[in-house]
file run.txt (compact mmCIF, C-alpha atoms)
# COMPACT_ATOMS: atom_id res chain seq x y z
CA MET A 284 336.09 73.62 6.42
CA ALA A 285 338.01 70.72 5.01
CA LYS A 286 338.91 69.64 8.46
CA GLU A 287 335.31 69.77 9.56
CA ASN A 288 334.29 67.61 6.62
CA THR A 289 336.84 64.98 7.47
CA GLN A 290 335.67 65.12 11.03
CA ASN A 291 332.09 64.60 9.91
CA LEU A 292 333.07 61.79 7.60
CA LEU A 293 334.93 60.08 10.40
CA GLU A 294 331.97 60.44 12.68
CA THR A 295 329.67 59.05 10.00
CA SER A 296 331.79 56.01 9.30
CA ASP A 297 332.17 55.56 13.03
CA TYR A 298 328.45 55.68 13.43
CA ILE A 299 327.87 53.15 10.67
CA GLY A 300 330.64 50.97 11.97
CA HIS A 301 329.27 51.14 15.43
CA HIS A 302 325.92 49.88 14.25
CA LEU A 303 327.35 47.09 12.18
CA VAL A 304 329.68 45.58 14.72
CA ASN A 305 328.58 42.57 16.70
CA LEU A 306 329.23 42.02 20.34
CA LYS A 307 332.08 39.61 20.04
CA PHE A 308 333.49 37.11 22.47
CA GLY A 309 336.30 34.89 21.34
CA TRP A 310 339.84 33.62 21.33
CA CYS A 311 342.47 36.36 21.21
CA ASP A 312 345.81 35.23 19.82
CA LYS A 313 347.61 38.27 21.16
CA SER A 314 346.87 37.56 24.76
CA SER A 315 346.22 33.84 24.26
CA SER A 316 342.94 33.99 26.13
CA TRP A 317 339.19 34.09 25.66
CA GLY A 318 337.51 37.42 26.08
CA PHE A 319 335.41 40.22 24.68
CA ALA A 320 336.80 42.28 21.85
CA ASN A 321 338.12 45.64 22.97
CA HIS A 322 335.83 48.38 24.20
CA GLN A 323 332.72 46.36 23.55
CA GLN A 324 331.33 46.20 27.03
CA GLU A 325 331.66 47.59 30.53
CA LEU A 326 329.69 44.94 32.36
CA PHE A 327 332.34 42.21 32.67
CA LYS A 328 335.51 44.23 33.20
CA GLY A 329 337.75 41.27 33.73
CA LEU A 330 336.71 39.54 30.55
CA ASP A 331 338.09 42.09 28.11
CA SER A 332 340.84 40.84 25.87
CA THR A 333 343.42 42.98 24.17
CA CYS A 334 342.21 42.11 20.68
CA LYS A 335 340.11 44.39 18.57
CA VAL A 336 337.03 43.05 16.83
CA SER A 337 338.86 42.63 13.54
CA GLU A 338 341.76 40.83 15.19
CA MET A 339 339.73 37.91 16.42
CA GLY A 340 339.85 34.79 14.33
CA PHE A 341 337.36 32.10 13.55
CA TRP A 342 336.91 30.98 17.13
CA SER A 343 334.76 33.81 18.30
CA PHE A 344 331.08 34.20 18.96
CA HIS A 345 328.69 36.99 18.18
CA LEU A 346 326.91 36.94 21.51
CA ASP A 347 324.23 39.41 20.41
CA THR A 348 323.27 37.28 17.40
CA ILE A 349 323.15 34.11 19.46
CA PHE A 350 321.28 35.73 22.31
CA MET A 351 318.69 37.44 20.11
CA SER A 352 318.08 34.48 17.82
CA VAL A 353 317.70 32.02 20.68
CA LEU A 354 315.50 34.44 22.60
CA LEU A 355 313.28 35.02 19.57
CA GLY A 356 313.19 31.31 18.85
CA ALA A 357 312.20 30.58 22.44
CA VAL A 358 309.46 33.20 22.26
CA VAL A 359 308.07 32.07 18.90
CA PHE A 360 308.29 28.33 19.40
CA GLY A 361 307.28 28.67 23.02
CA PHE A 362 304.20 30.56 21.91
CA PHE A 363 303.27 27.94 19.35
CA GLY A 364 304.03 25.10 21.71
CA LEU A 365 301.91 26.56 24.47
CA ALA A 366 299.14 27.56 22.08
CA THR A 367 298.85 24.06 20.65
CA ARG A 368 299.04 22.58 24.11
CA ALA A 369 296.34 24.89 25.42
CA ALA A 370 294.15 24.23 22.38
CA LYS A 371 290.85 22.62 23.18
CA LYS A 372 288.37 20.68 21.18
CA GLY A 373 285.23 22.43 20.13
CA VAL A 374 285.02 26.09 19.23
CA PRO A 375 288.56 27.49 18.91
CA GLY A 376 289.69 30.74 20.50
CA LYS A 377 291.45 33.59 18.75
CA MET A 378 294.93 32.38 19.58
CA GLN A 379 294.10 28.94 18.32
CA ASN A 380 292.67 30.43 15.16
CA PHE A 381 295.93 32.27 14.59
CA VAL A 382 297.99 29.15 15.17
CA GLU A 383 295.79 27.14 12.84
CA PHE A 384 295.96 29.87 10.22
CA VAL A 385 299.77 29.82 10.29
CA HIS A 386 299.85 26.06 10.19
CA GLU A 387 297.37 25.96 7.31
CA PHE A 388 299.37 28.53 5.36
CA ILE A 389 302.63 26.62 5.69
CA ALA A 390 301.05 23.21 5.25
CA ASP A 391 299.44 24.43 2.03
CA ALA A 392 302.76 25.72 0.75
CA VAL A 393 304.38 22.39 1.59
CA SER A 394 301.67 20.23 0.08
CA SER A 395 301.60 22.25 -3.13
CA GLY A 396 305.38 22.40 -3.52
CA TYR A 397 306.60 19.13 -2.12
CA HIS A 398 305.58 15.77 -3.54
CA GLY A 399 307.89 13.46 -1.64
CA THR A 400 307.28 11.51 1.52
CA ALA A 401 309.72 13.08 4.00
CA LYS A 402 308.02 14.11 7.22
CA ILE A 403 310.67 16.71 8.04
CA VAL A 404 309.68 19.17 5.31
CA GLY A 405 306.64 20.63 7.07
CA PRO A 406 308.39 21.23 10.39
CA LEU A 407 311.49 22.52 8.61
CA ALA A 408 309.49 25.02 6.57
CA PHE A 409 307.54 26.06 9.67
CA ALA A 410 310.62 26.50 11.84
CA SER A 411 312.67 28.37 9.24
CA CYS A 412 309.85 30.67 8.13
CA LEU A 413 308.77 31.70 11.61
CA TRP A 414 312.24 32.01 12.99
CA ILE A 415 313.34 34.19 10.09
CA ILE A 416 310.25 36.37 10.38
CA SER A 417 310.90 36.89 14.07
CA TRP A 418 314.50 37.85 13.28
CA ASN A 419 313.55 40.18 10.47
CA LEU A 420 310.96 41.94 12.60
CA MET A 421 313.80 43.15 14.80
CA ASP A 422 314.82 45.30 11.87
CA LEU A 423 311.73 47.42 12.40
CA LEU A 424 312.86 48.46 15.84
CA PRO A 425 314.57 51.86 15.76
CA VAL A 426 318.26 51.55 14.92
CA GLU A 427 319.33 53.52 17.95
CA MET A 428 317.28 51.53 20.39
CA ALA A 429 319.59 48.56 20.78
CA SER A 430 322.64 50.74 21.21
CA PHE A 431 320.81 52.97 23.61
CA PHE A 432 319.66 50.17 25.88
CA GLY A 433 322.89 48.29 25.37
CA HIS A 434 324.97 51.24 26.31
CA PHE A 435 323.00 52.77 29.12
CA GLY A 436 321.08 49.77 30.38
CA GLY A 437 323.13 46.69 29.69
CA GLY A 438 326.69 47.88 29.77
CA PHE A 439 327.35 46.81 26.19
CA ASN A 440 328.67 49.37 23.75
CA TYR A 441 327.91 47.17 20.79
CA PHE A 442 324.72 45.24 20.36
CA LYS A 443 323.14 44.24 17.05
CA ILE A 444 319.60 43.03 17.50
CA LEU A 445 319.09 41.81 13.94
CA PRO A 446 320.40 38.24 13.66
CA THR A 447 319.67 38.12 9.93
CA ALA A 448 322.22 40.86 9.32
CA ASP A 449 324.92 38.57 10.67
CA LEU A 450 325.82 36.17 7.89
CA ASN A 451 326.38 33.30 10.32
CA ALA A 452 322.72 32.92 11.12
CA PRO A 453 321.30 32.70 7.58
CA LEU A 454 324.23 30.54 6.57
CA ALA A 455 323.50 28.08 9.36
CA LEU A 456 319.93 27.75 8.11
CA ALA A 457 321.06 27.32 4.52
CA ILE A 458 323.61 24.69 5.52
CA VAL A 459 320.95 22.68 7.34
CA VAL A 460 318.86 22.84 4.18
CA MET A 461 321.85 21.79 2.11
CA VAL A 462 322.56 18.82 4.34
CA LEU A 463 318.95 17.70 4.09
CA VAL A 464 318.89 18.21 0.32
CA THR A 465 322.04 16.13 -0.01
CA TYR A 466 320.65 13.44 2.27
CA TYR A 467 317.40 13.12 0.34
CA SER A 468 319.17 13.28 -3.02
CA VAL A 469 321.39 10.40 -2.01
CA LYS A 470 318.42 8.55 -0.58
CA THR A 471 316.39 8.96 -3.75
CA HIS A 472 319.00 8.63 -6.46
CA GLY A 473 321.67 6.68 -4.63
CA ALA A 474 325.16 8.00 -3.95
CA GLY A 475 326.31 7.11 -7.46
CA GLY A 476 323.32 8.72 -9.10
CA PHE A 477 323.74 11.86 -7.06
CA LEU A 478 327.42 12.24 -7.92
CA LYS A 479 326.70 11.45 -11.55
CA GLU A 480 324.07 14.18 -11.59
CA LEU A 481 326.55 16.67 -10.19
CA PHE A 482 329.60 15.90 -12.26
CA VAL A 483 328.66 14.04 -15.41
CA VAL A 484 325.34 14.95 -16.95
CA PRO A 485 324.73 17.14 -18.92
CA LEU A 486 326.96 20.10 -18.19
CA GLY A 487 329.43 18.33 -15.99
CA PRO A 488 330.96 20.23 -13.06
CA LEU A 489 328.77 23.25 -13.73
CA GLU A 490 326.01 21.34 -12.06
CA PHE A 491 328.14 20.98 -8.96
CA ILE A 492 328.83 24.70 -8.91
CA SER A 493 325.16 25.46 -9.23
CA TYR A 494 324.46 22.98 -6.46
CA LEU A 495 326.80 24.83 -4.14
CA SER A 496 325.82 28.30 -5.23
CA LYS A 497 322.11 27.82 -4.84
CA HIS A 498 322.58 27.02 -1.18
CA VAL A 499 325.00 29.85 -0.62
CA ALA A 500 322.63 32.13 -2.48
CA LEU A 501 319.82 31.00 -0.20
CA ALA A 502 321.76 32.40 2.74
CA LEU A 503 323.12 35.46 0.96
CA ARG A 504 319.73 36.52 -0.41
CA LEU A 505 318.28 36.67 3.05
CA TYR A 506 321.35 38.24 4.57
CA GLY A 507 321.75 40.83 1.80
CA ASN A 508 318.17 42.01 1.84
CA LEU A 509 318.04 42.53 5.55
CA PHE A 510 321.53 43.96 5.79
CA ALA A 511 320.67 46.51 3.11
CA GLY A 512 317.42 47.35 4.86
CA GLU A 513 319.25 47.89 8.12
CA MET A 514 321.84 50.00 6.31
CA ILE A 515 319.18 52.28 4.90
CA PHE A 516 317.71 52.76 8.35
CA ILE A 517 321.16 53.69 9.59
CA LEU A 518 321.69 56.13 6.71
CA ILE A 519 318.36 57.80 7.36
CA ALA A 520 319.29 58.07 10.99
CA ILE A 521 322.64 59.66 10.13
CA MET A 522 321.17 62.08 7.64
CA PHE A 523 318.65 63.52 10.01
CA GLY A 524 320.25 62.70 13.30
CA GLN A 525 323.12 65.05 12.56
CA PHE A 526 320.83 67.84 11.56
CA ALA A 527 318.77 67.37 14.62
CA MET A 528 321.85 67.69 16.78
CA SER A 529 322.02 71.38 16.02
CA PHE A 530 319.10 72.96 17.79
CA SER A 531 318.46 75.54 15.11
CA GLN A 532 317.33 72.82 12.78
CA THR A 533 315.29 70.62 15.04
CA LEU A 534 312.51 70.60 12.48
CA TRP A 535 314.60 68.20 10.40
CA PHE A 536 313.26 65.65 12.78
CA LEU A 537 310.05 65.64 10.77
CA PRO A 538 311.27 64.53 7.31
CA GLY A 539 313.45 62.01 9.09
CA LEU A 540 310.41 60.59 10.76
CA ILE A 541 308.53 60.46 7.48
CA LEU A 542 311.40 58.80 5.64
CA ASN A 543 311.93 56.31 8.43
CA LEU A 544 308.25 55.49 8.55
CA SER A 545 307.89 55.02 4.82
CA TRP A 546 310.96 52.82 4.64
CA ALA A 547 309.70 50.82 7.62
CA LEU A 548 306.34 50.31 5.92
CA PHE A 549 308.04 49.16 2.77
CA HIS A 550 310.37 47.02 4.82
CA ILE A 551 307.49 45.07 6.35
CA LEU A 552 307.07 43.59 2.90
CA ILE A 553 310.70 42.53 2.77
CA VAL A 554 310.52 41.11 6.28
CA ALA A 555 307.73 38.74 5.39
CA LEU A 556 308.74 38.18 1.79
CA GLN A 557 312.29 37.07 2.52
CA ALA A 558 311.09 34.58 5.10
CA TYR A 559 308.51 33.31 2.62
CA ILE A 560 311.07 33.05 -0.18
CA PHE A 561 313.45 31.14 2.05
CA MET A 562 310.69 28.73 2.99
CA MET A 563 309.45 28.23 -0.57
CA LEU A 564 312.98 27.66 -1.90
CA THR A 565 313.65 25.18 0.89
CA ILE A 566 310.53 23.28 -0.10
CA ALA A 567 311.41 23.45 -3.79
CA TYR A 568 314.98 22.23 -3.26
CA LEU A 569 313.80 19.38 -1.07
CA ASN A 570 311.17 18.53 -3.66
CA LEU A 571 313.82 18.34 -6.38
CA ALA A 572 315.98 16.24 -4.09
CA SER A 573 313.38 13.68 -3.13
CA THR A 574 311.54 13.12 -6.41
CA LYS A 575 312.86 11.27 -9.40
CA HIS A 576 313.29 13.30 -12.53
CA MET B 263 336.37 37.88 9.66
CA ASN B 264 332.65 37.75 9.64
CA ILE B 265 332.01 34.04 9.51
CA ASN B 266 333.05 32.50 12.76
CA ALA B 267 332.01 30.04 15.41
CA THR B 268 328.68 31.83 15.78
CA PHE B 269 327.75 29.71 12.79
CA PHE B 270 327.94 26.53 14.87
CA ALA B 271 325.85 28.00 17.61
CA GLU B 272 323.20 29.05 15.10
CA LEU B 273 323.38 25.63 13.46
CA LEU B 274 322.81 23.93 16.79
CA ALA B 275 319.99 26.30 17.71
CA PHE B 276 318.27 25.78 14.37
CA CYS B 277 318.57 22.01 14.63
CA ILE B 278 317.08 22.13 18.13
CA PHE B 279 314.20 24.33 17.03
CA VAL B 280 313.50 22.17 13.98
CA PHE B 281 313.58 19.11 16.21
CA ILE B 282 311.17 20.70 18.68
CA THR B 283 308.85 21.64 15.84
CA TYR B 284 309.16 18.19 14.32
CA ARG B 285 308.66 16.35 17.56
CA TYR B 286 306.06 18.46 19.40
CA ILE B 287 304.60 21.49 17.69
CA TRP B 288 303.90 20.20 14.17
CA PRO B 289 302.24 16.89 15.17
CA SER B 290 300.08 18.52 17.79
CA MET B 291 298.95 21.13 15.27
CA GLU B 292 298.21 18.39 12.75
CA ASN B 293 296.30 16.44 15.38
CA LEU B 294 294.39 19.54 16.32
CA LEU B 295 293.27 20.13 12.76
CA GLU B 296 292.61 16.46 12.15
CA ASP B 297 290.45 16.28 15.27
CA ARG B 298 288.60 19.41 14.20
CA ARG B 299 288.04 17.99 10.71
CA LYS B 300 286.78 14.72 12.13
CA GLU B 301 284.54 16.50 14.60
CA ILE B 302 283.00 18.63 11.87
CA SER B 303 282.46 15.73 9.52
CA ASP B 304 280.97 13.71 12.37
CA GLY B 305 278.70 16.61 13.19
CA LEU B 306 277.56 16.94 9.61
CA GLU B 307 277.02 13.22 9.40
CA ALA B 308 274.97 13.26 12.59
CA ALA B 309 272.98 16.22 11.35
CA SER B 310 272.08 14.54 8.06
CA GLN B 311 271.30 11.34 9.92
CA SER B 312 268.98 13.10 12.30
CA GLN B 313 267.41 14.87 9.33
CA ARG B 314 266.74 11.50 7.81
CA LYS B 315 265.39 10.22 11.12
CA LEU B 316 263.15 13.25 11.37
CA GLU B 317 261.75 12.58 7.91
CA GLU B 318 261.17 8.96 8.80
CA ALA B 319 259.50 9.92 12.02
CA SER B 320 257.24 12.44 10.35
CA LYS B 321 256.29 9.86 7.75
CA GLU B 322 255.59 7.34 10.47
CA SER B 323 253.58 9.80 12.47
CA GLU B 324 251.54 10.55 9.38
CA THR B 325 250.71 6.89 8.85
CA ILE B 326 249.89 6.51 12.52
CA LEU B 327 247.68 9.55 12.33
CA ASN B 328 245.95 8.25 9.23
CA GLY B 329 245.40 4.88 10.91
CA ALA B 330 244.04 6.59 13.97
CA LYS B 331 241.71 8.66 11.84
CA THR B 332 240.29 5.67 10.00
CA GLU B 333 240.00 3.78 13.24
CA ALA B 334 238.22 6.67 14.86
CA SER B 335 235.80 7.01 11.96
CA SER B 336 235.11 3.29 11.98
CA LEU B 337 234.60 3.43 15.71
CA ILE B 338 232.19 6.31 15.33
CA ALA B 339 230.27 4.43 12.66
CA GLN B 340 230.20 1.37 14.84
CA ALA B 341 229.02 3.40 17.78
CA ASN B 342 226.32 4.98 15.67
CA THR B 343 224.99 1.64 14.50
CA ARG B 344 225.19 0.31 18.03
CA ALA B 345 223.31 3.33 19.32
CA ASP B 346 220.67 2.85 16.65
CA GLN B 347 220.46 -0.74 17.61
CA ILE B 348 220.12 0.11 21.28
CA VAL B 349 217.46 2.67 20.54
CA ASP B 350 215.60 0.20 18.37
CA GLU B 351 215.85 -2.45 21.01
CA ALA B 352 214.67 -0.04 23.65
CA LYS B 353 211.77 0.99 21.49
CA GLU B 354 210.83 -2.60 20.86
CA GLN B 355 211.14 -3.44 24.51
CA ALA B 356 209.10 -0.42 25.48
CA SER B 357 206.35 -1.22 23.03
CA GLU B 358 206.32 -4.82 24.20
CA GLU B 359 206.19 -3.67 27.78
CA ALA B 360 203.44 -1.27 26.91
CA LYS B 361 201.57 -4.08 25.21
CA LYS B 362 202.05 -6.32 28.22
CA ILE B 363 200.92 -3.59 30.58
CA LYS B 364 197.95 -2.94 28.39
CA ILE B 365 197.03 -6.61 28.30
CA SER B 366 197.34 -7.03 32.03
CA ALA B 367 195.39 -3.82 32.54
CA GLU B 368 192.69 -5.09 30.25
CA ALA B 369 192.67 -8.38 32.11
CA ASP B 370 192.46 -6.52 35.42
CA ILE B 371 189.68 -4.40 34.07
CA GLU B 372 187.83 -7.45 32.82
CA GLN B 373 188.37 -9.26 36.09
CA SER B 374 187.15 -6.37 38.17
CA ALA B 375 184.25 -5.92 35.80
CA ASN B 376 183.46 -9.59 36.18
CA LYS B 377 183.79 -9.28 39.89
CA ALA B 378 181.51 -6.30 39.88
CA LYS B 379 179.09 -8.19 37.69
CA GLU B 380 179.24 -11.12 40.04
CA GLY B 381 178.72 -8.90 43.06
CA LEU B 382 176.01 -7.11 41.30
CA ARG B 383 174.42 -10.35 40.31
CA ASP B 384 174.56 -11.61 43.87
CA GLU B 385 173.20 -8.34 45.10
CA VAL B 386 170.45 -8.43 42.55
CA ALA B 387 169.72 -12.07 43.40
CA SER B 388 169.43 -11.33 47.08
CA LEU B 389 167.45 -8.21 46.24
CA VAL B 390 165.24 -10.20 43.96
CA VAL B 391 164.83 -12.84 46.62
CA ALA B 392 164.01 -10.23 49.20
CA GLY B 393 161.71 -8.52 46.75
CA ALA B 394 160.06 -11.75 45.81
CA GLN B 395 159.71 -12.65 49.49
CA LYS B 396 158.12 -9.31 50.13
CA ILE B 397 156.01 -9.44 46.98
CA LEU B 398 154.78 -12.97 47.33
CA ASP B 399 154.59 -12.66 51.05
CA LYS B 400 153.82 -16.25 51.16
CA GLU B 401 156.07 -19.01 52.06
CA ILE B 402 157.99 -19.35 49.13
CA ASN B 403 160.84 -21.57 49.67
CA ALA B 404 163.80 -19.67 48.68
CA LYS B 405 165.55 -22.81 47.92
CA ALA B 406 162.80 -24.18 45.77
CA ASN B 407 162.62 -21.06 43.77
CA LYS B 408 166.28 -20.55 43.46
CA ASP B 409 166.42 -21.96 40.00
CA ILE B 410 163.78 -19.57 38.83
CA ILE B 411 165.56 -16.73 40.46
CA ASP B 412 168.91 -17.75 39.03
CA SER B 413 167.48 -17.83 35.59
CA LEU B 414 166.04 -14.45 36.30
CA ILE B 415 169.37 -13.17 37.41
CA LYS B 416 171.04 -14.43 34.30
CA LYS B 417 168.68 -12.49 32.22
CA ILE B 418 169.66 -9.27 33.86
call {"tool": "encode", "arguments": {"input": "run.txt", "output": "structure tokens"}}
result
Amino acid sequence: MAKENTQNLLETSDYIGHHLVNLKFGWCDKSSSWGFANHQQELFKGLDSTCKVSEMGFWSFHLDTIFMSVLLGAVVFGFFGLATRAAKKGVPGKMQNFVEFVHEFIADAVSSGYHGTAKIVGPLAFASCLWIISWNLMDLLPVEMASFFGHFGGGFNYFKILPTADLNAPLALAIVVMVLVTYYSVKTHGAGGFLKELFVVPLGPLEFISYLSKHVALALRLYGNLFAGEMIFILIAIMFGQFAMSFSQTLWFLPGLILNLSWALFHILIVALQAYIFMMLTIAYLNLASTKH
Amino acid sequence: MNINATFFAELLAFCIFVFITYRYIWPSMENLLEDRRKEISDGLEAASQSQRKLEEASKESETILNGAKTEASSLIAQANTRADQIVDEAKEQASEEAKKIKISAEADIEQSANKAKEGLRDEVASLVVAGAQKILDKEINAKANKDIIDSLIKKI
């Protein structure tokens, strides 16, 4: 009995681990070569390195994150690019209506939240909001799907389709925002004024800490929400997947379905909301940076 | 370690997508909406303008119609007076003509009556002469007695 429990526990943590590990390609110190982390794929046999996932250092890439985010970006921005290019004068079609609705929504948010003159804010808000939404929507795909297709179709044992649940992606967005905020702060207040604001008035270095933390928090908020959502999907899958394995209790499939569905419905809110929050905070930070106060 | 070089790839990708949005997608969407706005405001402007034109035209047509009506009524009045005039003239002419015809007829009648009288007188004279010749039976110079006979004839 005890042994069985440990076995189960091991399987469970394996399962969770399996779903939270990215497909990693990077520099392996042990073999002094570039390659995939161990046991991650069967497609490129010669490219395996001797390092495990945890043994790879900074110089490694999460290929699944990069692939999915660029693919989603290409789809989303390609769609909007083509839709605006195909747009005609006169009575608009349905696609054009949709594009104009999205543009109107974001342009309204920008014009109500941003009072500066920078032209980049609208495009930045548009790009970040839509890209994040397209990432987050991947969370609604069944948790097993990526592994299934990765394993049996693609030859990859590990494949995470949710870029938001990889901290690198949200952090990259937040850093871009931070760079722009810094640029516009310096532009508006001057380098001296900006530094003075951070270190001197009125709470001294605390202001600097808050400056850093608000940008880190921008990334972590997005990452945390989606990571937790993904985790809950995985837990639901474990809970009922194991039961369903034993044929006597196949009916457990039903509550699993219901739980999954209800969490997915609730998650739609988070998907859109987190993208919206990221966009609104970006606008607000840039507004603070580029107006005198 | 969870943060790794993926970060740079994402950074690059995001910058590229923001640039694409900034350079192509956002302006073309703005242009699209701006064009639409302009088109609609132009349309509304044109509509109100044509409304105004319509009102003007209807006003103008009303004045034209009124003018035409007065003109027509004046024309009718004129025509009526002219017709009256023509009728009057015709009547006058007819009566004059009738008078003339009557006069000439009277003259004709008188002339023919005179002629008849003359003929009759001659006839009577010759008859009288013949009668007198027969009655007197004697040589009565017709010429010598002509005066007597003429005076006789005149008495008839």
call {"tool": "atom_distance", "arguments": {"input": "run.txt", "atom1": "CA of Gly356 (chain A)", "atom2": "CA of Ala558 (chain A)"}}
result
14.3 Å
call {"tool": "interface_residues", "arguments": {"input": "run.txt", "of": "chain A", "to": "chain B", "cutoff": "9 Å", "atoms": "all atoms listed in the file", "output": "ChimeraX atom specification"}}
result
/A:309,336-346,348-349,352-353,356-357,360,363-365,367-368,370-373,382-383,386-387,402-403,405-411,414,449-456,458-459
call {"tool": "write_last_selection", "arguments": {"input": "run.txt", "atoms": "C-alpha atoms", "output": "PDB file, in the coordinates of the input"}}
result
ATOM      1  CA  GLY A 309     336.300  34.890  21.340  1.00  0.00           C
ATOM      2  CA  VAL A 336     337.030  43.050  16.830  1.00  0.00           C
ATOM      3  CA  SER A 337     338.860  42.630  13.540  1.00  0.00           C
ATOM      4  CA  GLU A 338     341.760  40.830  15.190  1.00  0.00           C
ATOM      5  CA  MET A 339     339.730  37.910  16.420  1.00  0.00           C
ATOM      6  CA  GLY A 340     339.850  34.790  14.330  1.00  0.00           C
ATOM      7  CA  PHE A 341     337.360  32.100  13.550  1.00  0.00           C
ATOM      8  CA  TRP A 342     336.910  30.980  17.130  1.00  0.00           C
ATOM      9  CA  SER A 343     334.760  33.810  18.300  1.00  0.00           C
ATOM     10  CA  PHE A 344     331.080  34.200  18.960  1.00  0.00           C
ATOM     11  CA  HIS A 345     328.690  36.990  18.180  1.00  0.00           C
ATOM     12  CA  LEU A 346     326.910  36.940  21.510  1.00  0.00           C
ATOM     13  CA  THR A 348     323.270  37.280  17.400  1.00  0.00           C
ATOM     14  CA  ILE A 349     323.150  34.110  19.460  1.00  0.00           C
ATOM     15  CA  SER A 352     318.080  34.480  17.820  1.00  0.00           C
ATOM     16  CA  VAL A 353     317.700  32.020  20.680  1.00  0.00           C
ATOM     17  CA  GLY A 356     313.190  31.310  18.850  1.00  0.00           C
ATOM     18  CA  ALA A 357     312.200  30.580  22.440  1.00  0.00           C
ATOM     19  CA  PHE A 360     308.290  28.330  19.400  1.00  0.00           C
ATOM     20  CA  PHE A 363     303.270  27.940  19.350  1.00  0.00           C
ATOM     21  CA  GLY A 364     304.030  25.100  21.710  1.00  0.00           C
ATOM     22  CA  LEU A 365     301.910  26.560  24.470  1.00  0.00           C
ATOM     23  CA  THR A 367     298.850  24.060  20.650  1.00  0.00           C
ATOM     24  CA  ARG A 368     299.040  22.580  24.110  1.00  0.00           C
ATOM     25  CA  ALA A 370     294.150  24.230  22.380  1.00  0.00           C
ATOM     26  CA  LYS A 371     290.850  22.620  23.180  1.00  0.00           C
ATOM     27  CA  LYS A 372     288.370  20.680  21.180  1.00  0.00           C
ATOM     28  CA  GLY A 373     285.230  22.430  20.130  1.00  0.00           C
ATOM     29  CA  VAL A 382     297.990  29.150  15.170  1.00  0.00           C
ATOM     30  CA  GLU A 383     295.790  27.140  12.840  1.00  0.00           C
ATOM     31  CA  HIS A 386     299.850  26.060  10.190  1.00  0.00           C
ATOM     32  CA  GLU A 387     297.370  25.960   7.310  1.00  0.00           C
ATOM     33  CA  LYS A 402     308.020  14.110   7.220  1.00  0.00           C
ATOM     34  CA  ILE A 403     310.670  16.710   8.040  1.00  0.00           C
ATOM     35  CA  GLY A 405     306.640  20.630   7.070  1.00  0.00           C
ATOM     36  CA  PRO A 406     308.390  21.230  10.390  1.00  0.00           C
ATOM     37  CA  LEU A 407     311.490  22.520   8.610  1.00  0.00           C
ATOM     38  CA  ALA A 408     309.490  25.020   6.570  1.00  0.00           C
ATOM     39  CA  PHE A 409     307.540  26.060   9.670  1.00  0.00           C
ATOM     40  CA  ALA A 410     310.620  26.500  11.840  1.00  0.00           C
ATOM     41  CA  SER A 411     312.670  28.370   9.240  1.00  0.00           C
ATOM     42  CA  TRP A 414     312.240  32.010  12.990  1.00  0.00           C
ATOM     43  CA  ASP A 449     324.920  38.570  10.670  1.00  0.00           C
ATOM     44  CA  LEU A 450     325.820  36.170   7.890  1.00  0.00           C
ATOM     45  CA  ASN A 451     326.380  33.300  10.320  1.00  0.00           C
ATOM     46  CA  ALA A 452     322.720  32.920  11.120  1.00  0.00           C
ATOM     47  CA  PRO A 453     321.300  32.700   7.580  1.00  0.00           C
ATOM     48  CA  LEU A 454     324.230  30.540   6.570  1.00  0.00           C
ATOM     49  CA  ALA A 455     323.500  28.080   9.360  1.00  0.00           C
ATOM     50  CA  LEU A 456     319.930  27.750   8.110  1.00  0.00           C
ATOM     51  CA  ILE A 458     323.610  24.690   5.520  1.00  0.00           C
ATOM     52  CA  VAL A 459     320.950  22.680   7.340  1.00  0.00           C
TER      53      VAL A 459
END
call {"tool": "residues_around", "arguments": {"input": "run.txt", "residues": "region 434-445 of chain A", "least_positions_apart": "2", "cutoff": "8 Å", "atoms": "all atoms listed in the file", "output": "MDAnalysis selection string"}}
result
chainID A and resid 301:306 322:326 347:348 351 418:419 421:422 429:432 447:449
call {"tool": "write_last_selection", "arguments": {"input": "run.txt", "atoms": "C-alpha atoms", "output": "short mmCIF file (atom, residue, chain, number, x, y, z; two decimals), in the coordinates of the input"}}
result
data_model
loop_
_atom_site.label_atom_id
_atom_site.label_comp_id
_atom_site.auth_asym_id
_atom_site.auth_seq_id
_atom_site.Cartn_x
_atom_site.Cartn_y
_atom_site.Cartn_z
CA HIS A 301 329.27 51.14 15.43
CA HIS A 302 325.92 49.88 14.25
CA LEU A 303 327.35 47.09 12.18
CA VAL A 304 329.68 45.58 14.72
CA ASN A 305 328.58 42.57 16.70
CA LEU A 306 329.23 42.02 20.34
CA HIS A 322 335.83 48.38 24.20
CA GLN A 323 332.72 46.36 23.55
CA GLN A 324 331.33 46.20 27.03
CA GLU A 325 331.66 47.59 30.53
CA LEU A 326 329.69 44.94 32.36
CA ASP A 347 324.23 39.41 20.41
CA THR A 348 323.27 37.28 17.40
CA MET A 351 318.69 37.44 20.11
CA TRP A 418 314.50 37.85 13.28
CA ASN A 419 313.55 40.18 10.47
CA MET A 421 313.80 43.15 14.80
CA ASP A 422 314.82 45.30 11.87
CA ALA A 429 319.59 48.56 20.78
CA SER A 430 322.64 50.74 21.21
CA PHE A 431 320.81 52.97 23.61
CA PHE A 432 319.66 50.17 25.88
CA THR A 447 319.67 38.12 9.93
CA ALA A 448 322.22 40.86 9.32
CA ASP A 449 324.92 38.57 10.67
#
call {"tool": "atom_distance", "arguments": {"input": "run.txt", "atom1": "CA of Thr343 (chain B)", "atom2": "CA of Glu324 (chain B)"}}
result
28.5 Å
